[in-house]
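Input: a single structure, listed below in structure tokens.
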Number of protein chains: 2
Amino acid sequence: MPGSLAHEPLTRSVEDYLKAIYHLSSKGEPAGTNDIAHLLALSPPSVSGMIKRLAEQGLIAHAPYRGSELTDQGRRLALRMVRRHRLLEAYLVEFLGYDWDTVHEEAERLEHAVSETLIERMAAALGNPRTDPHGDPIPMADGTIHEFVFNPLPDIATGSVVEIRRVNASEPERLRYLASLGLKPGTVVTLLDRQPFNGPISIRTGTHDHVIGHDLAMGLLCAPVEG
Amino acid sequence: MPGSLAHEPLTRSVEDYLKAIYHLSSKGEPAGTNDIAHLLALSPPSVSGMIKRLAEQGLIAHAPYRGSELTDQGRRLALRMVRRHRLLEAYLVEFLGYDWDTVHEEAERLEHAVSETLIERMAAALGNPRTDPHGDPIPMADGTIHEFVFNPLPDIATGSVVEIRRVNASEPERLRYLASLGLKPGTVVTLLDRQPFNGPISIRTGTHDHVIGHDLAMGLLCAPVEG
DNA sequence: GATATTATTTCGCCAACACTAATTTTGGTG
DNA sequence: CACCAAAATTAGTGTTGGCGAAATAATATC
């Protein structure tokens, strides 16, 4: 029954797939089977099989050999998971002493177990934040999300002063390193110098000067400092 | 491989079975297959099958047609789940506005998803409590548990003054009713009267007099008031 | 345009866990 | 002691969701 109205509870697997497809197709392109498999650490045949089931349930649109995209219903459910994940991260950091490099793993498991009630209570306890500890936007309870567009640090003009608004880095080591340099959402940095050919980037924070690699700097999304 | 050392993560099902067997065999007798099935809302054959798997893994000792008991390893794991459950209940009540009648269901799902780290942080945030909101003892992190023995209210001598220390009631309605009468752990009550043949019991709390049925009163476990 | 590479899917297969129906064991009871 | 009911198990099935091997489609290359 494609697109059945009564949404029986999703399995953990289905929730993971929807979230993966959401993230992978966030840049316009449909999500490739291999990419999903890689992200979820599964084999491509497993993903192929699940894709078929998800398509039958009306959660994704799948064109064979072309990739998968979320349907409206699928995106609604994916965003619900993203909201849960990011609120959990915020809550764990705020109230239970987690660091932004360790919190992902915990949230990854909890997001499948929390009730709507619990999530909303956590949101309330946090004062309904708009972003999680990495600066990623938290979807609203009604399923809307406001994705702001920031510029990666390497795209900033030399000499400008910008505020880090969002930090993209999946590996905990990167996050720990960035934290050790004080590079997190809210930090104001001045771009001192940029070497060509994806070379290192020199920046100045309030207290220190740092040189960081292009790769790492690409994960630092910035906006002009507000007056 | 019975009793393998490296404890690969348990499935949700296994965790539920271990907890069920722990509770059912807490009164000395091995847990019957039917009782487990009833408690977990499963069919007896399903339980029979799982029992075989658990016995193979060395988590329970099973004598066919005789019942199941936890091995030391199984008990250790069951107590870990009980600790998680009760700490979660305590945390949700203390910090997230849950009532003791709604908290069980939420904890029931979360207990399978929380890490050791998270549980210990919650315990610390609570000040390492010894009991949960129902007065049930919380096993220590090292796997020990102190089960105090209290007397059900109907066993108390008329005229005595006792403190409710623990409340056994699974249905939320019962718990809500008891809460509405102020009958919860810590409440001091005077036993006014006891009707024979499991009849109603009259009690006085600090502010009110109440008459409650024998059945309900059996769930109120009491101890003499401390000097 | 033929072919090599890569992405994707199909084809069995397996393990965990649930179920119903049928069978066996156990523990009484007349 | 024979028989019956309750408890437990076995037999057979289904679903979910993994896997590797092999086939196939899309894409890139010469």
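Residues are referred to by chain and number: the chain letter is A, B, ... according to the order shown in the structure tokens, the number counts from 1 in that chain, and ligands are numbered separately from 1 in the order shown.
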
Mind listing as a ChimeraX atom specification which residues of chain D are within 10 Å of chain B, counting only C-alpha atoms (C1' of nucleotides)? /D:7-10

For those residues, write N, CA and C atoms (P, O5', C5', C4', C3', O3' and C1' of nucleotides) to a file as a PDB file, in the first residue's frame.
ATOM      1  P    DA D   7      -0.846 -23.081  33.097  1.00  0.00           P
ATOM      2  O5'  DA D   7       0.442 -23.858  32.600  1.00  0.00           O
ATOM      3  C5'  DA D   7       1.164 -24.655  33.526  1.00  0.00           C
ATOM      4  C4'  DA D   7       2.430 -25.144  32.865  1.00  0.00           C
ATOM      5  C3'  DA D   7       3.202 -24.049  32.141  1.00  0.00           C
ATOM      6  O3'  DA D   7       4.559 -24.164  32.502  1.00  0.00           O
ATOM      7  C1'  DA D   7       2.713 -25.830  30.643  1.00  0.00           C
ATOM      8  P    DA D   8       5.681 -23.228  31.894  1.00  0.00           P
ATOM      9  O5'  DA D   8       6.193 -24.085  30.667  1.00  0.00           O
ATOM     10  C5'  DA D   8       6.736 -25.378  30.925  1.00  0.00           C
ATOM     11  C4'  DA D   8       7.114 -26.031  29.611  1.00  0.00           C
ATOM     12  C3'  DA D   8       7.946 -25.149  28.691  1.00  0.00           C
ATOM     13  O3'  DA D   8       9.243 -25.719  28.602  1.00  0.00           O
ATOM     14  C1'  DA D   8       6.206 -26.295  27.519  1.00  0.00           C
ATOM     15  P    DT D   9      10.313 -25.173  27.590  1.00  0.00           P
ATOM     16  O5'  DT D   9      10.020 -26.055  26.295  1.00  0.00           O
ATOM     17  C5'  DT D   9      10.077 -27.470  26.404  1.00  0.00           C
ATOM     18  C4'  DT D   9       9.706 -28.114  25.085  1.00  0.00           C
ATOM     19  C3'  DT D   9      10.568 -27.647  23.912  1.00  0.00           C
ATOM     20  O3'  DT D   9      11.236 -28.777  23.361  1.00  0.00           O
ATOM     21  C1'  DT D   9       8.252 -27.633  23.357  1.00  0.00           C
ATOM     22  P    DT D  10      12.276 -28.606  22.160  1.00  0.00           P
ATOM     23  O5'  DT D  10      11.406 -29.016  20.889  1.00  0.00           O
ATOM     24  C5'  DT D  10      10.772 -30.288  20.843  1.00  0.00           C
ATOM     25  C4'  DT D  10       9.967 -30.407  19.559  1.00  0.00           C
ATOM     26  C3'  DT D  10      10.728 -30.043  18.294  1.00  0.00           C
ATOM     27  O3'  DT D  10      10.478 -31.063  17.333  1.00  0.00           O
ATOM     28  C1'  DT D  10       8.718 -28.824  18.397  1.00  0.00           C
TER      29       DT D  10
END

DC13 (chain C) environment, 12 Å, only C-alpha atoms (C1' of nucleotides), sequence neighbours closer than 3 positions dropped, as an MDAnalysis selection string: chainID D and resid 18:21

At a cut-off of 8 Å, list the chain C residues touching chain B, using only C-alpha atoms (C1' of nucleotides), as a VMD selection string. chain C and resid 17 to 19 25 to 26

For the residues selected in the previous step, produce a file with C-alpha atoms (C1' of nucleotides) as a compact mmCIF listing (two decimals), in the first residue's frame.
# COMPACT_ATOMS: atom_id res chain seq x y z
C1' DC C 17 12.59 -13.35 16.24
C1' DA C 18 8.12 -13.34 15.85
C1' DC C 19 3.73 -16.43 14.87
C1' DT C 25 5.76 -33.44 29.36
C1' DT C 26 4.32 -32.72 33.87

Counting only C-alpha atoms, collect the residues of chain A whose closest atom lies at most 6 Å from chain B, and write them out as number ranges by chain. A: 109-110, 113

Write down as a PyMOL selection string the residues of region 35-108 of chain A whose backbone DSSP state falls under alpha helix (DSSP H). chain A and resi 35-40+44-56+72-95+103-108

All residues 8 Å or closer to Gly74 (chain A), only C-alpha atoms (C1' of nucleotides), same chain fewer than 6 positions away omitted, as an MDAnalysis selection string: chainID A and resid 18 58:60

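You will find CA of Glu163 (chain A) at 21.8 Å from CA of Glu89 (chain A).
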
Point out the residue among A:Gln73, A:Leu183, A:Ala31, A:Ser202 with the least atom-to-atom distance to Gln57 (chain A), counting only C-alpha atoms.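 Checking each candidate against Gln57 (chain A), we get A:Gln73 as the closest.
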
Pick out the residues sitting within 6 Å of region 209-217 of chain B, and hand them over as number ranges by chain; count only C-alpha atoms (C1' of nucleotides), and ignore anything fewer than 3 positions along from it in its own chain. B: 153, 198-204, 220

Selection to disk with C-alpha atoms, as a tab-separated table (two decimals), in the first residue's frame:
chain	number	residue	atom	x	y	z
B	153	LEU	CA	0.32	-1.97	54.31
B	198	ASN	CA	-9.12	-8.64	52.42
B	199	GLY	CA	-11.45	-5.76	53.02
B	200	PRO	CA	-10.68	-2.06	52.71
B	201	ILE	CA	-8.08	-0.35	54.83
B	202	SER	CA	-8.51	3.00	56.52
B	203	ILE	CA	-5.49	5.22	56.84
B	204	ARG	CA	-4.66	8.75	57.87
B	220	LEU	CA	2.25	0.04	49.42

As a list in words, please: every residue in region 36-201 of chain B that DSSP puts in strand (DSSP E or B).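 So, restricting region 36-201 of chain B to strand (DSSP E or B), we get Ile60, Ala61, His62, Ala63, Gly67, Ser68, Glu69, Leu70, Thr131, Pro137, Asn151, Pro152, Val161, Val162, Glu163, Ile164, Arg165, Arg166, Val167, Val188, Val189, Thr190, Leu191, Leu192, Asp193, Arg194 and Ile201 of chain B.
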
With N, CA and C atoms retained, export the selected residues as an mmCIF file, in the first residue's frame.
data_model
loop_
_atom_site.group_PDB
_atom_site.id
_atom_site.type_symbol
_atom_site.label_atom_id
_atom_site.label_comp_id
_atom_site.auth_asym_id
_atom_site.auth_seq_id
_atom_site.Cartn_x
_atom_site.Cartn_y
_atom_site.Cartn_z
ATOM 1 N N ILE B 60 21.432 -17.808 30.659
ATOM 2 C CA ILE B 60 20.477 -18.409 31.585
ATOM 3 C C ILE B 60 20.749 -19.906 31.700
ATOM 4 N N ALA B 61 20.248 -20.480 32.785
ATOM 5 C CA ALA B 61 20.264 -21.937 32.941
ATOM 6 C C ALA B 61 18.833 -22.395 32.754
ATOM 7 N N HIS B 62 18.654 -23.323 31.846
ATOM 8 C CA HIS B 62 17.305 -23.743 31.507
ATOM 9 C C HIS B 62 17.177 -25.253 31.650
ATOM 10 N N ALA B 63 16.243 -25.679 32.486
ATOM 11 C CA ALA B 63 15.906 -27.096 32.576
ATOM 12 C C ALA B 63 14.554 -27.263 31.899
ATOM 13 N N GLY B 67 11.758 -24.449 33.887
ATOM 14 C CA GLY B 67 11.922 -23.015 34.075
ATOM 15 C C GLY B 67 13.341 -22.535 33.835
ATOM 16 N N SER B 68 13.521 -21.229 33.915
ATOM 17 C CA SER B 68 14.801 -20.605 33.578
ATOM 18 C C SER B 68 15.280 -19.709 34.701
ATOM 19 N N GLU B 69 16.569 -19.737 34.911
ATOM 20 C CA GLU B 69 17.199 -18.856 35.888
ATOM 21 C C GLU B 69 18.386 -18.179 35.240
ATOM 22 N N LEU B 70 18.726 -17.016 35.720
ATOM 23 C CA LEU B 70 19.875 -16.306 35.182
ATOM 24 C C LEU B 70 21.162 -16.935 35.688
ATOM 25 N N THR B 131 17.288 4.964 45.170
ATOM 26 C CA THR B 131 15.987 4.440 44.743
ATOM 27 C C THR B 131 15.425 5.294 43.614
ATOM 28 N N PRO B 137 14.869 -0.043 44.526
ATOM 29 C CA PRO B 137 16.306 0.200 44.681
ATOM 30 C C PRO B 137 17.030 0.187 43.343
ATOM 31 N N ASN B 151 7.105 -4.077 54.586
ATOM 32 C CA ASN B 151 5.840 -4.780 54.798
ATOM 33 C C ASN B 151 4.723 -4.115 54.026
ATOM 34 N N PRO B 152 3.926 -4.930 53.351
ATOM 35 C CA PRO B 152 2.752 -4.356 52.686
ATOM 36 C C PRO B 152 1.828 -3.746 53.728
ATOM 37 N N VAL B 161 2.145 3.689 63.066
ATOM 38 C CA VAL B 161 2.495 4.781 62.168
ATOM 39 C C VAL B 161 3.695 4.327 61.343
ATOM 40 N N VAL B 162 3.524 4.335 60.033
ATOM 41 C CA VAL B 162 4.586 3.849 59.161
ATOM 42 C C VAL B 162 4.842 4.824 58.021
ATOM 43 N N GLU B 163 5.968 4.625 57.395
ATOM 44 C CA GLU B 163 6.306 5.452 56.229
ATOM 45 C C GLU B 163 6.256 4.583 54.982
ATOM 46 N N ILE B 164 5.599 5.074 53.968
ATOM 47 C CA ILE B 164 5.609 4.363 52.684
ATOM 48 C C ILE B 164 7.008 4.475 52.094
ATOM 49 N N ARG B 165 7.569 3.324 51.757
ATOM 50 C CA ARG B 165 8.942 3.335 51.258
ATOM 51 C C ARG B 165 9.022 2.917 49.808
ATOM 52 N N ARG B 166 8.005 2.230 49.352
ATOM 53 C CA ARG B 166 8.075 1.672 48.003
ATOM 54 C C ARG B 166 6.655 1.415 47.522
ATOM 55 N N VAL B 167 6.394 1.687 46.243
ATOM 56 C CA VAL B 167 5.048 1.525 45.696
ATOM 57 C C VAL B 167 5.093 0.625 44.476
ATOM 58 N N VAL B 188 4.057 9.518 55.366
ATOM 59 C CA VAL B 188 3.847 8.841 56.650
ATOM 60 C C VAL B 188 2.344 8.643 56.854
ATOM 61 N N VAL B 189 1.967 7.413 57.143
ATOM 62 C CA VAL B 189 0.543 7.130 57.314
ATOM 63 C C VAL B 189 0.295 6.399 58.632
ATOM 64 N N THR B 190 -0.870 6.641 59.189
ATOM 65 C CA THR B 190 -1.322 5.911 60.376
ATOM 66 C C THR B 190 -2.391 4.935 59.954
ATOM 67 N N LEU B 191 -2.246 3.687 60.389
ATOM 68 C CA LEU B 191 -3.228 2.684 60.035
ATOM 69 C C LEU B 191 -4.397 2.760 61.006
ATOM 70 N N LEU B 192 -5.541 3.207 60.526
ATOM 71 C CA LEU B 192 -6.685 3.397 61.410
ATOM 72 C C LEU B 192 -7.472 2.110 61.596
ATOM 73 N N ASP B 193 -7.725 1.437 60.470
ATOM 74 C CA ASP B 193 -8.621 0.278 60.575
ATOM 75 C C ASP B 193 -8.394 -0.667 59.416
ATOM 76 N N ARG B 194 -8.662 -1.930 59.659
ATOM 77 C CA ARG B 194 -8.489 -2.947 58.638
ATOM 78 C C ARG B 194 -9.696 -3.859 58.668
ATOM 79 N N ILE B 201 -8.983 -0.767 53.762
ATOM 80 C CA ILE B 201 -8.085 -0.353 54.834
ATOM 81 C C ILE B 201 -8.191 1.154 55.003
#

Top pick for closest residue to Tyr17 (chain A), considering A:Glu147, A:Ala78, A:Trp100, A:Ile138 and counting only C-alpha atoms: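 For Tyr17 (chain A), the nearest of the candidates is A:Ala78.
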
Exercise: DT24 (chain D) partners within 10 Å, only C-alpha atoms (C1' of nucleotides), chain neighbours under 4 positions left out, as a PyMOL selection string: chain C and resi 8-10

For Thr144 (chain B), find every residue with an atom within 12 Å (counting only C-alpha atoms (C1' of nucleotides)), except residues of its own chain fewer than 2 positions away, and show them as JSON, numbers by chain. {"B": [72, 75, 76, 77, 78, 79, 80, 82, 83, 130, 137, 138, 139, 140, 141, 142, 146, 147]}

Identify which of the residues B:Ser25, B:Ser160, B:Asn128, B:Ser180 lies closest to Arg86 (chain B), counting only C-alpha atoms when measuring atom-to-atom distances.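 Counting only C-alpha atoms, the residue closest to Arg86 (chain B) is B:Asn128.
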
Compare C:DA16, C:DG30, C:DA22, C:DC11 by their minimum atom-to-atom distance to DA23 (chain D), counting only C-alpha atoms (C1' of nucleotides), and give me the closest one. C:DC11

Length of the CA of Gln195 (chain B) to CA of Gly135 (chain B) vector [Å]: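 Calculated distance between CA of Gln195 (chain B) and CA of Gly135 (chain B) is 26.9 Å.
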